[in-house]
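For reference, data-v2.txt is printed below; it contains compact mmCIF, C-alpha atoms.
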```txt
# COMPACT_ATOMS: atom_id res chain seq x y z
CA MET X 145 -116.88 301.01 124.55
CA ARG X 146 -119.51 303.41 123.20
CA GLY X 147 -122.59 302.22 121.38
CA SER X 148 -122.64 298.84 123.08
CA GLY X 149 -126.45 299.04 123.15
CA TRP X 150 -126.95 298.63 119.42
CA LEU X 151 -124.07 296.14 119.21
CA LEU X 152 -125.94 294.02 121.72
CA ARG X 153 -129.05 294.15 119.55
CA CYS X 154 -127.09 292.28 116.85
CA TYR X 155 -127.32 289.21 119.12
CA PRO X 156 -130.48 287.07 119.11
CA ALA X 157 -133.08 287.62 121.83
CA TRP X 158 -132.44 284.33 123.67
CA TRP X 159 -128.72 285.18 123.87
CA ARG X 160 -129.40 288.70 125.15
CA ALA X 161 -131.79 287.34 127.75
CA ARG X 162 -129.07 285.03 129.12
CA TYR X 163 -125.84 287.02 128.64
CA GLY X 164 -126.94 290.55 127.66
CA ASP X 165 -126.55 292.26 131.01
CA GLU X 166 -123.12 290.90 131.90
CA PHE X 167 -121.92 291.28 128.29
CA ALA X 168 -123.03 294.95 128.20
CA ALA X 169 -121.21 295.56 131.51
CA LEU X 170 -118.07 294.01 129.99
CA LEU X 171 -118.31 296.12 126.80
CA GLU X 172 -118.80 299.31 128.81
CA GLY X 173 -115.42 298.73 130.47
CA LEU X 174 -113.53 298.27 127.19
CA PRO X 175 -112.09 300.90 124.83
CA THR X 176 -113.65 301.14 121.36
CA ARG X 177 -111.28 299.51 118.89
CA PRO X 178 -111.96 298.22 115.36
CA GLY X 179 -110.72 294.76 116.33
CA THR X 180 -113.05 294.65 119.34
CA LEU X 181 -116.02 295.78 117.25
CA LEU X 182 -115.36 293.13 114.61
CA ASP X 183 -114.93 290.50 117.32
CA VAL X 184 -118.32 291.38 118.82
CA LEU X 185 -120.02 291.36 115.41
CA LEU X 186 -118.54 287.95 114.59
CA GLY X 187 -119.74 286.80 118.01
CA ALA X 188 -123.25 288.02 117.11
CA VAL X 189 -123.18 286.13 113.79
CA ASP X 190 -121.99 283.04 115.66
CA ALA X 191 -124.76 283.39 118.27
CA ARG X 192 -127.36 283.71 115.49
CA LEU X 193 -126.13 280.44 114.02
CA GLN X 194 -126.47 278.65 117.37
CA VAL X 195 -129.51 276.65 118.32
CA PRO X 196 -131.13 278.36 121.33
CA PRO X 197 -130.77 276.15 124.41
CA ARG X 198 -133.98 274.58 125.60
CA PRO X 199 -135.26 276.10 128.82
CA ALA X 200 -134.62 274.00 131.92
CA PRO X 201 -137.58 271.73 132.71
CA ALA X 202 -139.87 273.04 135.42
CA PRO X 203 -139.38 271.35 138.81
CA PRO X 204 -141.91 268.57 139.47
CA PRO X 205 -144.95 269.66 141.48
CA PRO X 206 -144.87 268.77 145.18
CA ALA X 207 -146.35 265.42 146.12
CA PRO X 208 -150.11 265.74 146.63
CA VAL X 209 -151.42 265.83 150.16
CA VAL X 210 -154.23 263.45 151.01
CA PRO X 211 -157.09 264.59 148.80
CA LEU X 212 -160.10 265.94 150.63
CA ALA X 213 -162.19 266.55 147.54
CA PRO X 214 -163.25 263.79 145.15
CA PRO X 215 -160.57 263.17 142.53
CA SER X 216 -160.86 265.45 139.54
CA PRO X 217 -161.31 263.94 136.09
CA PRO X 218 -158.07 262.93 134.41
CA PRO X 219 -156.42 265.78 132.56
CA ALA X 220 -156.82 266.00 128.80
CA PRO X 221 -153.93 264.45 126.90
CA PRO X 222 -151.33 267.05 125.92
CA VAL X 223 -151.79 268.52 122.47
CA ALA X 224 -148.92 267.57 120.21
CA ARG X 225 -147.02 270.64 119.04
CA PRO X 226 -145.46 270.74 115.61
CA ASN X 227 -141.67 270.45 115.69
CA ARG X 228 -140.28 273.82 114.75
CA GLY X 229 -136.75 272.66 114.22
CA LEU X 230 -134.78 275.26 116.14
CA GLY X 231 -137.12 275.50 119.10
CA PRO X 232 -139.39 278.36 120.04
CA ILE X 233 -138.19 281.47 118.20
CA GLU X 234 -140.81 284.10 118.80
CA ARG X 235 -140.75 287.51 117.15
CA GLU X 236 -138.16 286.24 114.74
CA LEU X 237 -136.19 289.02 113.05
CA GLY X 238 -135.63 289.03 109.30
CA ILE X 239 -132.04 287.83 109.51
CA ASP X 240 -132.98 285.05 111.94
CA ARG X 241 -135.58 283.71 109.53
CA VAL X 242 -133.28 283.92 106.52
CA ILE X 243 -130.48 282.09 108.35
CA ARG X 244 -132.80 279.48 109.87
CA GLU X 245 -134.42 278.71 106.54
CA ALA X 246 -131.01 278.52 104.88
CA ILE X 247 -129.80 276.08 107.57
CA GLU X 248 -132.95 273.97 107.16
CA ARG X 249 -132.42 273.89 103.37
CA GLY X 250 -128.85 272.75 104.01
CA ALA X 251 -127.41 275.83 102.31
CA PHE X 252 -124.46 275.86 104.71
CA ASP X 253 -123.66 272.16 104.37
CA ASP X 254 -120.54 271.06 102.53
CA LEU X 255 -119.37 274.58 101.72
CA PRO X 256 -115.75 274.89 100.62
CA GLY X 257 -113.59 275.77 103.61
CA GLN X 258 -116.08 274.34 106.11
CA GLY X 259 -114.41 273.82 109.46
CA GLN X 260 -111.39 275.88 108.41
CA PRO X 261 -110.35 279.02 110.30
CA LEU X 262 -111.92 282.23 109.02
CA ASN X 263 -109.36 284.10 106.91
CA LEU X 264 -109.55 287.83 107.60
CA ASP X 265 -106.29 288.79 105.83
CA GLY X 266 -108.22 290.84 103.31
CA TYR X 267 -110.26 292.59 106.00
CA ASP X 268 -110.08 296.35 105.60
CA PRO X 269 -110.55 298.17 108.92
CA ALA X 270 -111.63 301.31 106.99
CA ASN X 271 -114.77 299.43 106.02
CA GLU X 272 -115.45 298.39 109.60
CA TRP X 273 -118.36 300.81 110.07
CA ARG X 274 -119.92 299.87 106.74
CA LEU X 275 -120.07 296.27 107.93
CA ALA X 276 -121.47 297.36 111.28
CA PHE X 277 -124.18 299.51 109.68
CA HIS X 278 -125.10 296.71 107.34
CA VAL X 279 -125.54 294.21 110.16
CA VAL X 280 -127.57 296.67 112.23
CA GLN X 281 -129.75 297.68 109.27
CA GLN X 282 -130.42 294.02 108.53
CA ALA X 283 -131.57 293.65 112.14
CA GLY X 284 -134.13 296.41 111.50
CA GLU X 285 -132.48 298.92 113.80
CA THR X 286 -131.76 302.63 113.33
CA LEU X 287 -128.47 303.84 114.74
CA PRO X 288 -128.94 306.25 117.66
CA TRP X 289 -126.94 309.00 115.98
CA ILE X 290 -129.06 308.81 112.81
CA ALA X 291 -132.20 309.24 114.91
CA LEU X 292 -130.48 312.14 116.71
CA GLY X 293 -129.68 313.72 113.33
CA ARG X 294 -133.41 313.73 112.55
CA ASP X 295 -134.14 315.37 115.92
CA ILE X 296 -131.55 318.04 115.08
CA GLU X 297 -133.20 318.77 111.72
CA ALA X 298 -136.57 319.10 113.45
CA ALA X 299 -135.10 321.47 116.07
CA ARG X 300 -133.50 323.59 113.29
CA GLY X 301 -136.90 323.82 111.62
CA ARG X 302 -138.50 325.05 114.86
CA LEU X 303 -135.75 327.68 115.28
CA GLU X 304 -136.26 328.96 111.71
CA ALA X 305 -140.01 329.23 112.36
CA LEU X 306 -139.36 331.29 115.52
CA LEU X 307 -136.94 333.54 113.56
CA ALA X 308 -139.55 334.06 110.83
CA GLN X 309 -142.08 335.08 113.50
CA ALA X 310 -139.54 337.56 114.93
CA ARG X 311 -138.86 339.08 111.48
CA ALA X 312 -142.57 339.44 110.87
CA ALA X 313 -143.02 341.19 114.23
CA ALA X 314 -140.06 343.49 113.49
CA ALA X 315 -141.50 344.32 110.04
CA GLN X 316 -144.74 345.44 111.71
CA ARG X 317 -142.58 347.80 113.83
CA ARG X 318 -144.03 346.39 117.02
CA LEU X 319 -142.65 348.22 119.99
CA ASP X 320 -143.92 345.73 122.59
CA ARG X 321 -140.69 345.18 124.51
CA ALA X 322 -142.23 342.52 126.79
CA ALA X 323 -143.38 340.46 123.77
CA ARG X 324 -139.96 340.76 122.16
CA TRP X 325 -138.31 339.64 125.39
CA ARG X 326 -140.59 336.59 125.68
CA GLN X 327 -139.94 335.55 122.07
CA ARG X 328 -136.20 336.09 122.49
CA ALA X 329 -136.19 333.87 125.62
CA ALA X 330 -138.17 331.17 123.80
CA PHE X 331 -135.78 331.32 120.83
CA VAL X 332 -132.68 331.07 123.05
CA ALA X 333 -134.16 328.15 125.02
CA GLU X 334 -134.90 326.29 121.76
CA ALA X 335 -131.37 327.07 120.51
CA GLN X 336 -129.89 325.64 123.71
CA ARG X 337 -131.89 322.43 123.26
CA LEU X 338 -130.58 322.22 119.68
CA ASP X 339 -127.01 322.79 120.88
CA ALA X 340 -127.34 319.99 123.45
CA LEU X 341 -128.57 317.67 120.68
CA ILE X 342 -125.58 318.63 118.51
CA VAL X 343 -123.14 317.92 121.38
CA SER X 344 -124.69 314.48 121.85
CA TYR X 345 -124.71 313.85 118.09
CA ASN X 346 -121.06 314.85 117.70
CA ALA X 347 -120.08 312.46 120.48
CA GLN X 348 -121.79 309.53 118.73
CA VAL X 349 -121.04 309.91 115.02
CA PRO X 350 -118.43 307.43 113.80
CA SER X 351 -116.44 310.00 111.80
CA ILE X 352 -115.33 313.54 112.63
CA ARG X 353 -116.49 314.54 109.14
CA LEU X 354 -120.08 313.96 110.22
CA GLN X 355 -119.88 316.33 113.18
CA GLN X 356 -122.03 319.48 113.06
CA ALA X 357 -121.15 323.02 114.13
CA ARG X 358 -122.50 323.92 117.54
CA LEU X 359 -124.85 326.86 118.16
CA PRO X 360 -123.60 328.64 121.29
CA THR X 361 -126.01 330.89 123.19
CA HIS X 362 -124.33 334.17 122.18
CA GLN X 363 -124.68 333.25 118.49
CA ALA X 364 -128.34 332.37 118.99
CA GLU X 365 -128.94 335.73 120.73
CA ALA X 366 -127.15 337.57 117.90
CA ARG X 367 -129.32 335.82 115.29
CA PHE X 368 -132.50 336.82 117.12
CA ASP X 369 -131.30 340.42 117.60
CA ALA X 370 -130.51 340.65 113.88
CA ALA X 371 -134.02 339.40 113.02
CA TRP X 372 -135.79 341.67 115.53
CA PRO X 373 -133.52 344.49 116.72
CA ALA X 374 -134.24 345.95 120.14
CA GLY X 375 -136.07 349.28 120.14
CA MET K 227 -115.01 262.17 127.43
CA ARG K 228 -116.06 265.36 125.70
CA ASP K 229 -113.19 267.57 124.65
CA LEU K 230 -112.73 270.90 122.95
CA ASP K 231 -112.40 269.55 119.39
CA ASP K 232 -115.89 270.73 118.43
CA PHE K 233 -115.26 274.31 119.44
CA GLY K 234 -113.85 275.36 116.05
CA ARG K 235 -112.41 278.84 116.19
CA TYR K 236 -113.32 278.98 119.89
CA SER K 237 -111.20 276.00 120.95
CA GLU K 238 -108.11 278.02 121.90
CA ALA K 239 -110.22 280.57 123.78
CA ALA K 240 -112.08 277.77 125.57
CA LEU K 241 -108.81 276.18 126.73
CA LEU K 242 -107.48 279.54 127.93
CA ILE K 243 -110.72 280.19 129.83
CA LEU K 244 -110.55 276.79 131.53
CA VAL K 245 -106.91 277.43 132.52
CA SER K 246 -107.89 280.85 133.87
CA LEU K 247 -110.77 279.43 135.92
CA ALA K 248 -108.46 276.78 137.37
CA SER K 249 -107.21 279.42 139.83
CA GLY K 250 -110.75 280.22 141.00
CA PRO K 251 -114.04 281.72 139.77
CA LYS K 252 -113.75 284.83 137.60
CA HIS K 253 -116.07 287.12 135.67
CA GLY K 254 -115.55 288.04 132.00
CA TYR K 255 -113.27 291.01 132.45
CA ALA K 256 -111.08 289.17 134.99
CA ILE K 257 -110.77 286.21 132.59
CA MET K 258 -109.67 288.54 129.75
CA ASP K 259 -107.16 290.19 132.06
CA ASP K 260 -105.80 286.89 133.38
CA VAL K 261 -105.50 285.34 129.89
CA ALA K 262 -103.69 288.45 128.60
CA ARG K 263 -101.12 288.10 131.38
CA LEU K 264 -100.65 284.35 131.37
CA ALA K 265 -100.70 283.71 127.61
CA GLN K 266 -100.21 287.17 126.04
CA VAL K 267 -103.48 286.59 124.17
CA GLN K 268 -106.03 289.41 124.06
CA LEU K 269 -109.42 287.68 123.95
CA GLY K 270 -112.09 289.85 122.30
CA PRO K 271 -115.42 290.08 124.18
CA GLY K 272 -117.29 288.30 121.36
CA THR K 273 -114.77 285.44 121.35
CA LEU K 274 -114.82 285.25 125.16
CA TYR K 275 -118.60 284.91 125.35
CA GLY K 276 -118.79 282.66 122.27
CA ALA K 277 -116.45 280.24 124.09
CA LEU K 278 -118.06 280.75 127.52
CA ALA K 279 -121.54 280.01 126.14
CA ARG K 280 -120.28 276.76 124.59
CA LEU K 281 -118.47 275.76 127.79
CA GLU K 282 -121.61 276.47 129.81
CA ARG K 283 -123.82 274.54 127.40
CA LEU K 284 -121.55 271.50 127.69
CA GLY K 285 -121.50 271.82 131.47
CA LEU K 286 -117.75 272.47 131.62
CA VAL K 287 -118.19 275.79 133.44
CA GLU K 288 -120.93 276.89 135.82
CA PRO K 289 -122.33 280.41 136.24
CA LEU K 290 -122.46 281.85 139.74
CA PRO K 291 -124.85 284.58 140.92
CA ALA K 292 -124.00 287.96 139.38
CA THR K 293 -122.93 290.89 141.50
CA ARG K 294 -123.22 294.40 140.02
CA ARG K 295 -123.92 293.00 136.52
CA ARG K 296 -120.75 290.90 136.61
CA ARG K 297 -121.30 287.16 136.60
CA PRO K 298 -118.44 284.92 137.76
CA TYR K 299 -117.96 281.46 136.29
CA ARG K 300 -116.26 278.46 137.84
CA LEU K 301 -114.88 275.16 136.57
CA SER K 302 -117.30 272.27 136.90
CA PRO K 303 -116.00 268.80 137.78
CA ALA K 304 -116.42 267.82 134.11
CA GLY K 305 -114.52 270.96 133.07
CA THR K 306 -111.68 270.04 135.40
CA ARG K 307 -111.42 266.58 133.81
CA VAL K 308 -111.45 268.03 130.28
CA LEU K 309 -108.79 270.57 131.22
CA GLU K 310 -106.56 267.84 132.71
CA SER K 311 -106.91 265.78 129.55
CA GLU K 312 -106.23 268.72 127.20
CA LEU K 313 -103.19 269.85 129.17
CA ALA K 314 -101.80 266.31 129.32
CA ASN K 315 -102.07 266.14 125.50
CA LEU K 316 -100.33 269.50 125.16
CA HIS K 317 -97.66 268.38 127.61
CA ARG K 318 -96.96 265.24 125.60
CA LEU K 319 -96.80 267.30 122.41
CA ALA K 320 -94.38 269.78 123.99
CA GLN K 321 -92.16 266.98 125.35
CA THR K 322 -92.06 265.22 121.98
CA GLY K 323 -91.30 268.46 120.16
CA LEU K 324 -88.52 269.40 122.57
CA ALA K 325 -87.01 265.90 122.36
CA ARG K 326 -87.00 266.06 118.57
CA LEU K 327 -85.43 269.51 118.63
CA ALA K 328 -82.76 268.26 121.02
CA ALA K 329 -82.00 265.35 118.68
CA MET K 330 -81.53 267.87 115.83
CA GLN K 331 -78.69 269.67 117.60
CA PRO K 332 -75.27 268.95 116.03
```
Representation of the structure as structure tokens:
Amino acid sequence: MRGSGWLLRCYPAWWRARYGDEFAALLEGLPTRPGTLLDVLLGAVDARLQVPPRPAPAPPPPAPVVPLAPPSPPPAPPVARPNRGLGPIERELGIDRVIREAIERGAFDDLPGQGQPLNLDGYDPANEWRLAFHVVQQAGETLPWIALGRDIEAARGRLEALLAQARAAAAQRRLDRAARWRQRAAFVAEAQRLDALIVSYNAQVPSIRLQQARLPTHQAEARFDAAWPAG
Amino acid sequence: MRDLDDFGRYSEAALLILVSLASGPKHGYAIMDDVARLAQVQLGPGTLYGALARLERLGLVEPLPATRRRRPYRLSPAGTRVLESELANLHRLAQTGLARLAAMQP
């Protein structure tokens, strides 16, 4: 199942620390299906509503050997820690805090349908990705393919800048063949990096409509040659 | 004795997992595979781990050391007792239902 990394980030940190590795291995072996995705997202919501288990108590220290040094002064009494309700939740994400505060206020108590099975008859699989994006956005994450899309825009900008340089050189009727060759090689290398980004992007976008046209090497070469014709 | 009544939407999955582990320790994928064959139920990964985490927290299953990122789980003695009790209840229900059906026949 692709994209299991960001799905996993929908789960709370304590859950990921305990089950994340084996759960990711399981997801990687499964095909991507809308039902599976929804099941994992519901599992994440469920995990966020769970109270994190308390860590196992540390084993008692070994029995002291006969003391050679004079006994040390008694240890200071332990400082009382305020009860934080759900246990130590460090680096709490926005959704964690909202849910925890709602639970503490009792917002989920005595709701109609409490304890009844969740009715998903009206669930529309076409909206599956909207739900997924919403959950991930709430968790403060950016989807990998959206970040890739930004990288692609930046790479396109660099290519256009190189083309503008080539046109300017051609306009000055430079006949330095070695300089033209170097700039052409740099342009083609940048175009190949862009094409690799597009391949990766197209493999990750959730809809074929979001895919972008590739830039094969021969097209990149033709664009450069049009901007700065050889001799 | 603790039973699976508090598991909510995970109670069926929890019972299926316990039945699956009754034939020996299994990791997540093997449990899903076994449950699909023995009960024709396709457990989703979120449901599987939601139920597994509850079973582990109640001490009904025990994690074993993971190999290659796959962690097997086994029935604990408490899990075995809960499974026996749940299956005995189901068995009584099935017997009663079948007896009533038989009495309905003309």
- Near Arg294 (chain X), counting all atoms listed in the file, which residues have an atom at most 12 Å away, once you skip same-chain residues fewer than 6 positions from it, shown as a list in words?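 In the requested format, the answer is Thr286, Leu287, Pro288, Arg300, Gly301, Leu338, Leu341, Ile342 and Tyr345 of chain X.
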Proximity of chain X to chain K: per-residue shortest pair, 6 Å limit, all atoms listed in the file, as CSV:
```
residue,atom,partner,partner_atom,distance
X:Glu166,CA,K:Arg295,CA,5.1
X:Thr180,CA,K:Gly270,CA,5.7
X:Asp183,CA,K:Gly272,CA,5.2
X:Val184,CA,K:Gly272,CA,4.1
X:Gly187,CA,K:Gly272,CA,4.4
```
Would you mind exporting C-alpha atoms of the selected residues as a PDB file, keeping the file's coordinate frame?
```
ATOM      1  CA  GLU X 166    -123.120 290.900 131.900  1.00  0.00           C
ATOM      2  CA  THR X 180    -113.050 294.650 119.340  1.00  0.00           C
ATOM      3  CA  ASP X 183    -114.930 290.500 117.320  1.00  0.00           C
ATOM      4  CA  VAL X 184    -118.320 291.380 118.820  1.00  0.00           C
ATOM      5  CA  GLY X 187    -119.740 286.800 118.010  1.00  0.00           C
TER       6      GLY X 187
END
```
Could you list, as a VMD selection string, every residue within 10 Å of Gln194 (chain X), counting only C-alpha atoms and ignoring same-chain residues fewer than 3 positions away? (chain X and resid 156 159 188 to 191 197 230 244) or (chain K and resid 276 280)
(message) Need to verify the contact set: Thr306 (chain K), 12 Å, only C-alpha atoms, exclusion of same-chain residues closer than 3 positions in sequence. Can you return it as a PyMOL selection string?
(response) chain K and resi 227-229+241+243-250+281+285-288+300-303+309-313
Of the candidates X:Arg367, X:Tyr155, X:Phe331, X:Val195, which one gets nearest to Ala305 (chain X) if we count only C-alpha atoms?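 That would be X:Phe331, the residue with the smallest distance to Ala305 (chain X).
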